[in-house]
Structures are given as C-alpha cells and as structure tokens.
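The file coords.cif comes next; it holds mmCIF, C-alpha atoms.
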data_entry
#
loop_
_atom_site.label_atom_id
_atom_site.label_comp_id
_atom_site.auth_asym_id
_atom_site.auth_seq_id
_atom_site.Cartn_x
_atom_site.Cartn_y
_atom_site.Cartn_z
CA MET B 1 -1.73 -54.41 192.67
CA GLU B 2 -4.82 -56.23 193.77
CA LEU B 3 -6.46 -55.94 197.12
CA ASP B 4 -8.64 -58.80 198.21
CA GLN B 5 -11.25 -58.37 200.91
CA THR B 6 -8.98 -59.69 203.67
CA LYS B 7 -6.27 -57.18 202.84
CA LYS B 8 -8.82 -54.38 202.59
CA ASP B 9 -10.19 -55.30 206.00
CA ILE B 10 -6.72 -55.32 207.49
CA LEU B 11 -5.99 -51.87 206.09
CA LYS B 12 -9.33 -50.58 207.31
CA GLU B 13 -8.52 -51.79 210.78
CA VAL B 14 -5.12 -50.09 210.63
CA ALA B 15 -6.78 -46.85 209.54
CA ASN B 16 -9.43 -47.17 212.21
CA ILE B 17 -6.94 -47.61 215.00
CA GLY B 18 -4.63 -44.87 213.75
CA ALA B 19 -7.38 -42.37 213.04
CA GLY B 20 -9.14 -43.08 216.33
CA ASN B 21 -6.04 -42.08 218.23
CA ALA B 22 -5.45 -39.07 215.97
CA ALA B 23 -9.06 -37.92 216.52
CA THR B 24 -8.54 -38.03 220.28
CA ALA B 25 -5.38 -35.93 219.93
CA PHE B 26 -7.16 -33.49 217.60
CA SER B 27 -10.06 -33.17 220.00
CA GLY B 28 -7.65 -32.36 222.83
CA MET B 29 -5.95 -29.72 220.71
CA ILE B 30 -9.08 -27.79 219.73
CA GLY B 31 -11.31 -28.58 222.69
CA GLN B 32 -14.19 -30.01 220.68
CA GLU B 33 -15.69 -33.41 220.13
CA ILE B 34 -14.60 -34.96 216.84
CA ASN B 35 -16.67 -37.27 214.69
CA MET B 36 -14.72 -39.55 212.45
CA THR B 37 -15.98 -41.23 209.29
CA VAL B 38 -15.48 -44.93 208.77
CA PRO B 39 -12.08 -45.19 207.06
CA LYS B 40 -12.08 -45.87 203.34
CA VAL B 41 -9.43 -47.92 201.60
CA GLU B 42 -9.10 -46.92 197.98
CA LEU B 43 -6.78 -47.67 195.13
CA VAL B 44 -6.92 -44.41 193.20
CA GLU B 45 -5.65 -43.78 189.70
CA ILE B 46 -3.04 -41.05 189.93
CA GLN B 47 -4.94 -39.07 187.30
CA ASP B 48 -7.94 -38.88 189.64
CA LEU B 49 -6.02 -37.77 192.71
CA PRO B 50 -6.35 -34.00 192.06
CA ALA B 51 -10.11 -34.19 192.53
CA ILE B 52 -10.10 -36.46 195.57
CA THR B 53 -11.20 -33.73 197.99
CA GLY B 54 -13.62 -32.06 195.54
CA ASP B 55 -13.02 -29.13 193.20
CA GLU B 56 -9.60 -29.27 191.53
CA GLU B 57 -9.17 -25.50 191.71
CA GLU B 58 -10.35 -25.07 195.29
CA PHE B 59 -7.88 -23.30 197.58
CA ILE B 60 -6.65 -25.79 200.17
CA ALA B 61 -3.98 -26.20 202.80
CA CYS B 62 -2.09 -29.46 202.94
CA ILE B 63 0.32 -30.61 205.62
CA MET B 64 2.52 -33.51 204.53
CA ILE B 65 4.49 -35.77 206.84
CA ASN B 66 6.70 -38.56 205.54
CA PHE B 67 7.28 -41.55 207.75
CA SER B 68 9.90 -44.25 207.51
CA GLY B 69 11.23 -47.20 209.43
CA GLU B 70 10.04 -50.75 208.94
CA ILE B 71 7.37 -49.39 206.62
CA SER B 72 7.36 -46.01 204.90
CA GLY B 73 4.83 -43.68 203.40
CA LYS B 74 3.13 -40.32 203.80
CA ILE B 75 0.42 -38.71 205.81
CA LEU B 76 -1.50 -35.82 204.27
CA LEU B 77 -3.85 -33.52 206.17
CA VAL B 78 -6.05 -31.51 203.84
CA VAL B 79 -8.33 -28.65 204.81
CA ASP B 80 -10.01 -26.05 202.61
CA MET B 81 -9.07 -22.45 203.37
CA GLU B 82 -12.33 -21.51 205.03
CA ASN B 83 -11.96 -24.39 207.45
CA VAL B 84 -8.30 -23.58 208.10
CA GLU B 85 -9.25 -20.23 209.49
CA LYS B 86 -11.94 -21.73 211.71
CA MET B 87 -9.53 -24.38 212.88
CA LEU B 88 -6.85 -21.84 213.74
CA LYS B 89 -9.38 -19.88 215.77
CA LEU B 90 -10.10 -23.01 217.79
CA ILE B 91 -6.41 -23.83 218.24
CA PHE B 92 -5.60 -20.32 219.44
CA SER B 93 -8.94 -20.01 221.27
CA THR B 94 -9.47 -16.53 219.83
CA ASP B 95 -10.99 -14.87 216.76
CA ASP B 96 -8.05 -12.51 216.66
CA LEU B 97 -5.46 -14.67 214.89
CA PRO B 98 -1.73 -14.05 215.28
CA GLY B 99 0.57 -13.44 212.28
CA LYS B 100 1.16 -15.84 209.40
CA GLU B 101 4.28 -17.32 210.92
CA MET B 102 2.51 -18.34 214.11
CA GLN B 103 -0.33 -19.75 212.03
CA HIS B 104 2.10 -21.86 210.00
CA SER B 105 3.76 -23.12 213.15
CA ALA B 106 0.41 -24.06 214.62
CA LEU B 107 -0.54 -26.02 211.50
CA ASN B 108 2.81 -27.79 211.47
CA GLU B 109 2.26 -28.65 215.10
CA LEU B 110 -1.21 -29.95 214.28
CA GLY B 111 0.40 -32.14 211.60
CA ASN B 112 3.01 -33.41 214.03
CA ILE B 113 0.49 -34.25 216.71
CA LEU B 114 -2.07 -35.93 214.45
CA SER B 115 0.50 -37.98 212.56
CA GLY B 116 2.32 -38.83 215.77
CA ALA B 117 -0.89 -40.13 217.34
CA TYR B 118 -1.78 -42.12 214.21
CA LEU B 119 1.64 -43.71 213.92
CA LYS B 120 1.83 -44.42 217.64
CA ALA B 121 -1.42 -46.38 217.45
CA ILE B 122 -0.12 -48.35 214.48
CA ASN B 123 3.09 -49.02 216.34
CA ASP B 124 1.18 -50.32 219.38
CA PHE B 125 -0.92 -52.53 217.14
CA THR B 126 1.75 -53.92 214.83
CA ASP B 127 4.96 -53.38 216.74
CA LEU B 128 6.42 -51.71 213.63
CA GLU B 129 9.05 -49.07 214.28
CA LEU B 130 8.10 -45.81 212.61
CA ASP B 131 9.75 -42.40 212.50
CA GLN B 132 8.10 -39.28 211.19
CA SER B 133 9.76 -36.41 209.34
CA VAL B 134 9.17 -32.73 210.01
CA PRO B 135 6.02 -31.52 208.25
CA ALA B 136 6.04 -29.70 204.94
CA MET B 137 3.18 -27.50 203.87
CA ALA B 138 1.50 -26.12 200.77
CA TYR B 139 -1.42 -23.73 200.28
CA ASP B 140 -2.79 -23.56 196.80
CA MET B 141 -5.10 -25.10 194.20
CA ALA B 142 -6.10 -28.59 195.28
CA ALA B 143 -4.92 -30.21 192.05
CA ALA B 144 -1.50 -28.54 192.15
CA VAL B 145 -0.93 -29.50 195.77
CA LEU B 146 -2.29 -33.05 195.70
CA SER B 147 -0.56 -34.04 192.46
CA SER B 148 2.76 -32.75 193.78
CA SER B 149 2.39 -34.50 197.14
CA VAL B 150 2.72 -37.99 195.72
CA ILE B 151 4.88 -37.24 192.71
CA ASP B 152 7.75 -39.28 194.18
CA TYR B 153 5.51 -42.36 194.22
CA SER B 154 4.36 -41.91 190.63
CA GLN B 155 7.63 -42.71 188.90
CA THR B 156 6.70 -46.36 188.47
CA GLU B 157 3.15 -46.48 189.84
CA ASP B 158 -0.11 -45.55 188.15
CA HIS B 159 -2.19 -46.05 191.29
CA ILE B 160 -1.94 -44.76 194.84
CA LEU B 161 -3.33 -46.59 197.83
CA LEU B 162 -5.18 -44.22 200.14
CA LEU B 163 -6.49 -44.86 203.62
CA GLU B 164 -8.89 -42.00 204.02
CA THR B 165 -10.72 -40.72 207.09
CA GLU B 166 -12.59 -37.49 207.55
CA PHE B 167 -12.65 -35.69 210.87
CA ILE B 168 -15.62 -33.44 211.50
CA THR B 169 -15.85 -31.26 214.59
CA GLU B 170 -19.06 -31.65 216.52
CA GLU B 171 -20.01 -27.98 216.83
CA GLU B 172 -18.53 -26.18 213.86
CA LYS B 173 -18.73 -28.99 211.29
CA LEU B 174 -15.12 -28.36 210.35
CA GLU B 175 -13.87 -30.95 207.92
CA LEU B 176 -10.36 -32.26 207.78
CA PHE B 177 -9.29 -34.99 205.37
CA TYR B 178 -6.72 -37.40 206.70
CA PHE B 179 -4.83 -39.57 204.20
CA PHE B 180 -2.45 -42.33 205.12
CA ILE B 181 -0.47 -43.46 202.07
CA PRO B 182 1.79 -46.46 202.58
CA GLU B 183 4.49 -46.97 200.01
CA ARG B 184 3.87 -49.92 197.74
CA ASP B 185 6.88 -51.93 198.92
CA SER B 186 5.81 -51.53 202.53
CA LEU B 187 2.45 -53.13 202.04
CA ASP B 188 3.62 -56.71 201.81
CA PHE B 189 5.59 -56.26 204.97
CA LEU B 190 2.57 -54.80 206.71
CA PHE B 191 0.32 -57.68 205.64
CA GLN B 192 2.92 -60.22 206.63
CA ARG B 193 3.24 -58.72 210.06
CA LEU B 194 -0.49 -58.49 210.62
CA VAL B 195 -1.64 -61.75 209.09
CA GLY B 196 1.27 -63.66 210.56
CA GLY B 197 0.74 -62.05 213.94
CA SER B 198 -2.10 -62.03 216.41
CA PHE B 199 -4.42 -60.08 214.13
CA ALA B 200 -5.38 -62.98 211.84
CA MET K 1 -10.47 -13.01 169.99
CA PRO K 2 -13.33 -15.19 171.18
CA SER K 3 -13.62 -15.68 174.92
CA LEU K 4 -13.73 -19.07 176.58
CA ASP K 5 -17.55 -19.20 176.45
CA GLN K 6 -17.71 -18.55 172.73
CA VAL K 7 -15.36 -21.19 171.41
CA ALA K 8 -16.81 -24.38 170.10
CA GLU K 9 -14.92 -26.85 172.16
CA LYS K 10 -13.08 -26.88 175.46
CA LEU K 11 -11.05 -29.95 176.31
CA VAL K 12 -9.65 -30.48 179.78
CA VAL K 13 -6.42 -32.42 179.84
CA LYS K 14 -5.83 -34.45 182.98
CA MET K 15 -2.48 -35.32 184.50
CA ALA K 16 -0.52 -37.76 182.39
CA ASP K 17 -2.79 -37.14 179.44
CA HIS K 18 -2.84 -35.17 176.20
CA ALA K 19 -5.23 -33.63 173.67
CA ILE K 20 -5.07 -32.17 170.18
CA GLY K 21 -7.42 -29.71 168.55
CA ASP K 22 -7.99 -27.24 165.73
CA GLU K 23 -8.68 -23.50 165.73
CA ASN K 24 -12.09 -23.86 167.38
CA THR K 25 -10.66 -25.51 170.43
CA VAL K 26 -9.39 -24.44 173.83
CA LEU K 27 -7.17 -26.96 175.58
CA ALA K 28 -7.11 -26.49 179.34
CA THR K 29 -5.28 -28.10 182.18
CA LEU K 30 -6.14 -27.25 185.78
CA GLY K 31 -3.92 -27.00 188.82
CA LEU K 32 -0.41 -27.67 187.58
CA GLY K 33 1.95 -28.01 190.53
CA SER K 34 5.28 -29.67 189.87
CA CYS K 35 3.80 -31.10 186.65
CA ILE K 36 4.31 -29.24 183.37
CA GLY K 37 1.83 -28.44 180.63
CA ILE K 38 3.51 -28.26 177.23
CA ALA K 39 1.51 -26.46 174.52
CA LEU K 40 2.70 -26.97 170.95
CA TYR K 41 1.26 -24.87 168.14
CA ASP K 42 1.53 -24.71 164.38
CA LYS K 43 0.29 -21.23 163.54
CA PHE K 44 -0.34 -21.98 159.85
CA SER K 45 -2.48 -25.08 160.17
CA LYS K 46 -3.71 -23.88 163.60
CA VAL K 47 -3.28 -27.39 164.95
CA GLY K 48 -2.36 -27.35 168.62
CA GLY K 49 -1.57 -30.01 171.18
CA LEU K 50 -1.17 -30.09 174.94
CA VAL K 51 0.50 -32.74 177.05
CA HIS K 52 0.47 -32.73 180.88
CA ILE K 53 3.62 -34.51 182.06
CA MET K 54 4.39 -35.45 185.66
CA LEU K 55 8.01 -36.59 185.60
CA PRO K 56 11.21 -36.18 183.54
CA GLU K 57 12.07 -39.71 182.44
CA ASN K 58 10.15 -42.80 181.48
CA PRO K 59 11.76 -45.77 183.22
CA GLY K 60 10.62 -47.87 180.25
CA GLY K 61 7.34 -49.44 179.33
CA LYS K 62 5.22 -46.89 181.21
CA LYS K 63 2.46 -44.61 179.95
CA VAL K 64 4.22 -42.35 177.45
CA VAL K 65 2.39 -39.10 178.19
CA LYS K 66 3.28 -39.19 181.89
CA TYR K 67 6.94 -38.39 181.17
CA ALA K 68 8.69 -35.51 179.38
CA ASP K 69 11.11 -37.67 177.39
CA THR K 70 8.40 -39.84 175.84
CA GLY K 71 5.37 -37.52 176.07
CA ILE K 72 6.70 -34.66 173.96
CA PRO K 73 7.85 -36.77 170.98
CA PHE K 74 4.52 -38.63 171.16
CA LEU K 75 2.57 -35.36 171.05
CA ILE K 76 4.62 -34.16 168.07
CA ARG K 77 3.85 -37.35 166.11
CA GLU K 78 0.15 -37.12 166.92
CA MET K 79 0.09 -33.50 165.79
CA GLU K 80 1.85 -34.37 162.54
CA SER K 81 -0.84 -36.96 161.89
CA ALA K 82 -3.42 -34.23 162.52
CA GLY K 83 -1.83 -31.99 159.88
CA ALA K 84 0.78 -29.98 161.79
CA ASN K 85 4.24 -29.44 160.39
CA LYS K 86 6.96 -30.14 162.93
CA ARG K 87 9.27 -27.43 161.55
CA ARG K 88 6.64 -24.79 162.34
CA LEU K 89 5.90 -25.91 165.89
CA ALA K 90 6.51 -23.51 168.77
CA ALA K 91 6.21 -24.40 172.44
CA LYS K 92 4.84 -22.68 175.53
CA ILE K 93 5.47 -24.29 178.88
CA VAL K 94 3.73 -23.80 182.23
CA GLY K 95 4.19 -25.37 185.68
CA GLY K 96 7.19 -27.00 187.34
CA ALA K 97 6.60 -25.34 190.71
CA GLY K 98 7.93 -26.47 194.09
CA MET K 99 4.69 -26.67 196.07
CA PHE K 100 5.76 -27.98 199.46
CA LYS K 101 7.92 -26.06 201.90
CA SER K 102 9.38 -26.94 205.24
CA GLU K 103 8.88 -24.62 208.19
CA SER K 104 12.17 -22.91 207.34
CA GLY K 105 10.74 -22.07 203.91
CA ASP K 106 12.85 -24.49 201.88
CA SER K 107 11.25 -26.34 199.01
CA VAL K 108 11.12 -30.04 199.94
CA MET K 109 10.88 -31.75 196.56
CA LYS K 110 12.86 -30.76 193.52
CA ILE K 111 10.78 -32.56 190.92
CA GLY K 112 9.42 -29.30 189.50
CA GLU K 113 12.91 -28.04 188.67
CA ARG K 114 13.92 -31.37 187.18
CA ASN K 115 10.79 -31.33 185.05
CA ILE K 116 11.60 -27.86 183.69
CA GLU K 117 15.12 -28.93 182.76
CA ALA K 118 13.93 -32.13 181.12
CA VAL K 119 11.20 -30.39 179.11
CA ARG K 120 13.59 -27.72 177.81
CA GLU K 121 16.12 -30.41 176.91
CA VAL K 122 13.63 -32.56 175.01
CA LEU K 123 12.25 -29.55 173.12
CA LYS K 124 15.78 -28.50 172.18
CA ASP K 125 16.57 -32.00 170.92
CA GLU K 126 13.40 -31.90 168.83
CA GLY K 127 14.38 -28.50 167.43
CA ILE K 128 11.31 -26.76 168.86
CA LYS K 129 11.65 -23.21 170.13
CA VAL K 130 10.11 -22.16 173.44
CA THR K 131 8.27 -18.91 172.71
CA GLY K 132 6.67 -18.47 176.12
CA SER K 133 6.93 -19.86 179.59
CA ASP K 134 5.65 -19.40 183.12
CA VAL K 135 7.51 -21.97 185.18
CA GLY K 136 9.07 -22.63 188.57
CA LYS K 137 8.48 -20.66 191.78
CA ASP K 138 6.12 -22.01 194.40
CA TYR K 139 2.53 -21.74 193.24
CA GLY K 140 -0.04 -23.72 191.27
CA ARG K 141 -1.23 -22.70 187.82
CA SER K 142 -4.09 -23.46 185.44
CA MET K 143 -3.49 -22.96 181.72
CA TYR K 144 -5.85 -22.28 178.82
CA PHE K 145 -4.45 -22.76 175.34
CA TYR K 146 -6.49 -21.00 172.61
CA LEU K 147 -5.93 -22.62 169.24
CA ASP K 148 -7.32 -19.73 167.18
CA ASP K 149 -4.05 -17.85 167.72
CA GLY K 150 -1.90 -20.00 170.03
CA ARG K 151 -2.06 -17.77 173.08
CA VAL K 152 -1.88 -19.34 176.52
CA GLU K 153 -3.55 -17.80 179.54
CA VAL K 154 -2.14 -18.71 182.93
CA LYS K 155 -4.32 -18.39 186.00
CA SER K 156 -3.12 -18.64 189.58
CA PHE K 157 -4.33 -17.61 193.04
CA SER K 158 -3.63 -14.08 194.21
CA ARG K 159 -1.84 -13.21 190.97
CA ASP K 160 -3.15 -11.51 187.86
CA LEU K 161 -3.98 -13.61 184.84
CA ILE K 162 -1.10 -13.54 182.40
CA THR K 163 -0.98 -14.30 178.69
CA ILE K 164 2.10 -15.84 177.14
#
Starting from the file, lay out its structure as structure tokens.
Amino acid sequence: MELDQTKKDILKEVANIGAGNAATAFSGMIGQEINMTVPKVELVEIQDLPAITGDEEEFIACIMINFSGEISGKILLVVDMENVEKMLKLIFSTDDLPGKEMQHSALNELGNILSGAYLKAINDFTDLELDQSVPAMAYDMAAAVLSSSVIDYSQTEDHILLLETEFITEEEKLELFYFFIPERDSLDFLFQRLVGGSFA
Amino acid sequence: MPSLDQVAEKLVVKMADHAIGDENTVLATLGLGSCIGIALYDKFSKVGGLVHIMLPENPGGKKVVKYADTGIPFLIREMESAGANKRRLAAKIVGGAGMFKSESGDSVMKIGERNIEAVREVLKDEGIKVTGSDVGKDYGRSMYFYLDDGRVEVKSFSRDLITI
C-alpha cells in the first residue's frame, strides 16, 4: 500500500477530529486538562510493532476495542503500568484504589468512552456508520500484547497503518497512547467518502 | 554453564524472523504473546535455530518465516546447510498465549491455540520430537536459547524463570 500526501493529510485530519473529541471526554473523566500531540500517520512493518511504545519488555496495559460498520478496524489504548495506577487514582479521585475488578471495569469504561468519542467525531465528519465492540484487555510485556493485538490483520499484511496520538495530562504528565487502526479494505472506502464528499 | 553475559554472541530474533547459531550463541526472542518461538537443536553438532512464527498457515507467496507450516521446514533446511542433522533435531516450543480477555474473563482471540496445534502438527510431520514446551495460558514470555547445551530459559512477569 502506498500513501500519498493527500491521503496522509486526510487520515491526519480524521485522527485530529477523533482524538480531539476523545481528549475532551478523557479530560471530563479525570478532571484534568489534556494535551494532545499532533496525530501521526504511519505505515509500520509488523515486525516493528512490538517496540512502538518503547521497550519491548515493558509492562503495559492495553485496552482494545474493535469497530465495524461501513468501515472496520481497531482502537488500542496503551498505558505503562506506572501511569495506569496514576490514571486510576484520578478516575476514582482517591489514592486508596478499590479492588482489581473495579479497576478493570474502570479501564474498560475508559476504553468505551474514549473510543466512543473518537468514533462519534468520525461519524459526524464522514457520516459513516460505526459500531464498537465491548473492550478486551491485556496487561503484560509490551511486545506480547501489541503483537497479539493485530494478529488477525497480519495473515495477509506485512504492514499496519497506525493513526497515533498521545494524550498527556497537564498536571501529572500521564501519557496514554491512542492508536486507531483501520482495516486495509476499509481505507479505500474512507478515502472515497472523504475525497468525494465535502472534505476535498 | 556460561551465563548470558559470558557467551560470545546473542542474537535477538524479531517476529516473523529466524536465526541460526553455533555453541557460542544465545538466540533470544522477546515478548512472545500468541506467537510461538520454535527452538530446534542438534546436540551433537551444537547447531541451533530459532524461528518466531505469528500464524499457523501461509496463504501462499508470503514471507515463509511468519507462518508455522512454511517457517519450520525452512528453518530445518537452513540448519542442515549449517551442519545439523535433521534426524537428531529436537524441538522446544514457547508462546501461543491468549493475551486479550473480555470483562467476563474470556479469551477473545484463539490464534495462540491454533498456533500451538499447527506447530505440533508440523513438527510431527517432520518427525521432530518436542522435548520441552511452555505454551498457552494468558501471559507473555521471553525465551533465551543457549546453544552450548540446548537449554531454553523462559522469562515472564510475576512468575519464576523456568528452564526447559
């Protein structure tokens, strides 16, 4: 697959709109200002995916949400374990965290809300109908988690298209990686809709 | 037994990749999730090989070492060229976990299990015995394959290091 500058710009705009809305939702959830990096659009070799957030053996949490409808793909939220704890403290507004089950529920809810906000913004912008699945979660070595997250896309593909944004909380400097991964077959449809529509 | 720091050469094998070495080598692969690391060893020539497969079956024309059904036979041939004897090869396999769970605790993708089945099947077809394994369950693993004696160390979070 080749991405020319026009297509890259379109995808960047999609990521910008989606992530902007997700950042607002995130900010509401934890009660802090969120800074968002300029979205990056990258075609990554599958082999390089395990190191995309840094150290391959770092302990991370990853929330995965599949979406489907007129286009399909995945959203991944990735946080290292130190930041997960800080984030949970903000969500629960206390240093005294509840049990593991409540923590898992809260992270799933975070996944639901952030992906919902992202997809809603894309829907408003493109008019594409999108449904999201219930979140699935993994805590483990970054490489083990990230490689497994996209394994269903690797059967015939050697590259993965990532729309990446980082959210950083104003006060605590908490970092959360947000990846939007459209399925290959959905891309043409997305471009068609956007270039053929009012966007171009 | 030399430790990791003392051996001459350490090669890290990425996903969908492979490496071969002699007795002075350690072959490592980091963070196996649903992927499987297959370590083949000829204890007489001390030639060892490691392939890190991602999926069971090559749909045709794709990178051979990404798939169990093409990656394992490829590794065997490469090892034979490097002086190993196929009849003496023994296998140790690591990985094949189900990493993602839904809120109810169910594993959401079954690729790990399918990989384990496929790897065992291919090894059986090739007539290679599996002499050690640490596969399945729900956690990531790193493996270190020492070619001086063929041992494989498996490292994972919040579990003790094991040697197979």
I need the contact residues of chain B against chain K, so if you could list those with any atom within 12 Å, counting only C-alpha atoms, and return them as an MDAnalysis selection string, that would help. chainID B and resid 45:51 55:66 76 100:109 111 133:158
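Here CA of Val44 (chain B) stands at a distance of 11.3 Å from CA of Glu164 (chain B).
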Selection result of the PyMOL selection byres ((chain K and resi 45-50) around 10) on this file, as a tab-separated table (two decimals) with C-alpha atoms, keeping the file's coordinate frame:
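The result, stored in selection_2.tsv:
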chain	number	residue	atom	x	y	z
K	11	LEU	CA	-11.05	-29.95	176.31
K	12	VAL	CA	-9.65	-30.48	179.78
K	13	VAL	CA	-6.42	-32.42	179.84
K	17	ASP	CA	-2.79	-37.14	179.44
K	18	HIS	CA	-2.84	-35.17	176.20
K	19	ALA	CA	-5.23	-33.63	173.67
K	20	ILE	CA	-5.07	-32.17	170.18
K	21	GLY	CA	-7.42	-29.71	168.55
K	22	ASP	CA	-7.99	-27.24	165.73
K	23	GLU	CA	-8.68	-23.50	165.73
K	24	ASN	CA	-12.09	-23.86	167.38
K	25	THR	CA	-10.66	-25.51	170.43
K	26	VAL	CA	-9.39	-24.44	173.83
K	27	LEU	CA	-7.17	-26.96	175.58
K	28	ALA	CA	-7.11	-26.49	179.34
K	29	THR	CA	-5.28	-28.10	182.18
K	37	GLY	CA	1.83	-28.44	180.63
K	38	ILE	CA	3.51	-28.26	177.23
K	39	ALA	CA	1.51	-26.46	174.52
K	40	LEU	CA	2.70	-26.97	170.95
K	41	TYR	CA	1.26	-24.87	168.14
K	42	ASP	CA	1.53	-24.71	164.38
K	43	LYS	CA	0.29	-21.23	163.54
K	44	PHE	CA	-0.34	-21.98	159.85
K	51	VAL	CA	0.50	-32.74	177.05
K	52	HIS	CA	0.47	-32.73	180.88
K	53	ILE	CA	3.62	-34.51	182.06
K	71	GLY	CA	5.37	-37.52	176.07
K	72	ILE	CA	6.70	-34.66	173.96
K	75	LEU	CA	2.57	-35.36	171.05
K	76	ILE	CA	4.62	-34.16	168.07
K	78	GLU	CA	0.15	-37.12	166.92
K	79	MET	CA	0.09	-33.50	165.79
K	80	GLU	CA	1.85	-34.37	162.54
K	82	ALA	CA	-3.42	-34.23	162.52
K	83	GLY	CA	-1.83	-31.99	159.88
K	84	ALA	CA	0.78	-29.98	161.79
K	85	ASN	CA	4.24	-29.44	160.39
K	88	ARG	CA	6.64	-24.79	162.34
K	89	LEU	CA	5.90	-25.91	165.89
K	90	ALA	CA	6.51	-23.51	168.77
K	91	ALA	CA	6.21	-24.40	172.44
K	92	LYS	CA	4.84	-22.68	175.53
K	93	ILE	CA	5.47	-24.29	178.88
K	144	TYR	CA	-5.85	-22.28	178.82
K	145	PHE	CA	-4.45	-22.76	175.34
K	146	TYR	CA	-6.49	-21.00	172.61
K	147	LEU	CA	-5.93	-22.62	169.24
K	148	ASP	CA	-7.32	-19.73	167.18
K	149	ASP	CA	-4.05	-17.85	167.72
K	150	GLY	CA	-1.90	-20.00	170.03
Quick check on the file I pasted: which residues fall under the PyMOL selection byres ((chain B and resi 9) around 12)? Write them as a PyMOL selection string. chain B and resi 3-8+10-16+38-42+163+191+194-195+199-200
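Among the candidates B:Leu174, B:Glu166, B:Gly28, B:Asp127, the one nearest to Ile71 (chain B) when counting all atoms listed in the file is B:Asp127.
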Quick one: distance from CA of Phe177 (chain B) to CA of Asp80 (chain B) in Å, one decimal? 9.4 Å
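Atom to atom, CA of Ala121 (chain B) and CA of Ile75 (chain B) stand 14.1 Å apart.
Within the 8 Å cut-off around Ile116 (chain K), using all atoms listed in the file and omitting residues fewer than 3 positions from it on the same chain, the listed residues are Ile36, Gly96, Gly112, Glu113, Val119, Arg120, Val135 and Gly136 of chain K.
Only residues having an atom at most 9 Å from (-13.5, -33.5, 211.1) are included; using all atoms listed in the file, these are B:Ala23, B:Ile34, B:Asn35, B:Met36, B:Thr37, B:Thr165, B:Glu166, B:Phe167, B:Ile168, B:Thr169, B:Glu170, B:Lys173, B:Leu174, B:Glu175, B:Leu176, B:Phe177, B:Tyr178.
Ranking B:Gly116, B:Lys74, B:Glu2, B:Met29 by their shortest atom-to-atom distance to Lys89 (chain B), with only C-alpha atoms included, puts B:Met29 first.
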From the options B:Leu97, B:Ile30, B:Ser115, B:Gln192, which residue's atoms come nearest to Gly73 (chain B), counting only C-alpha atoms? B:Ser115
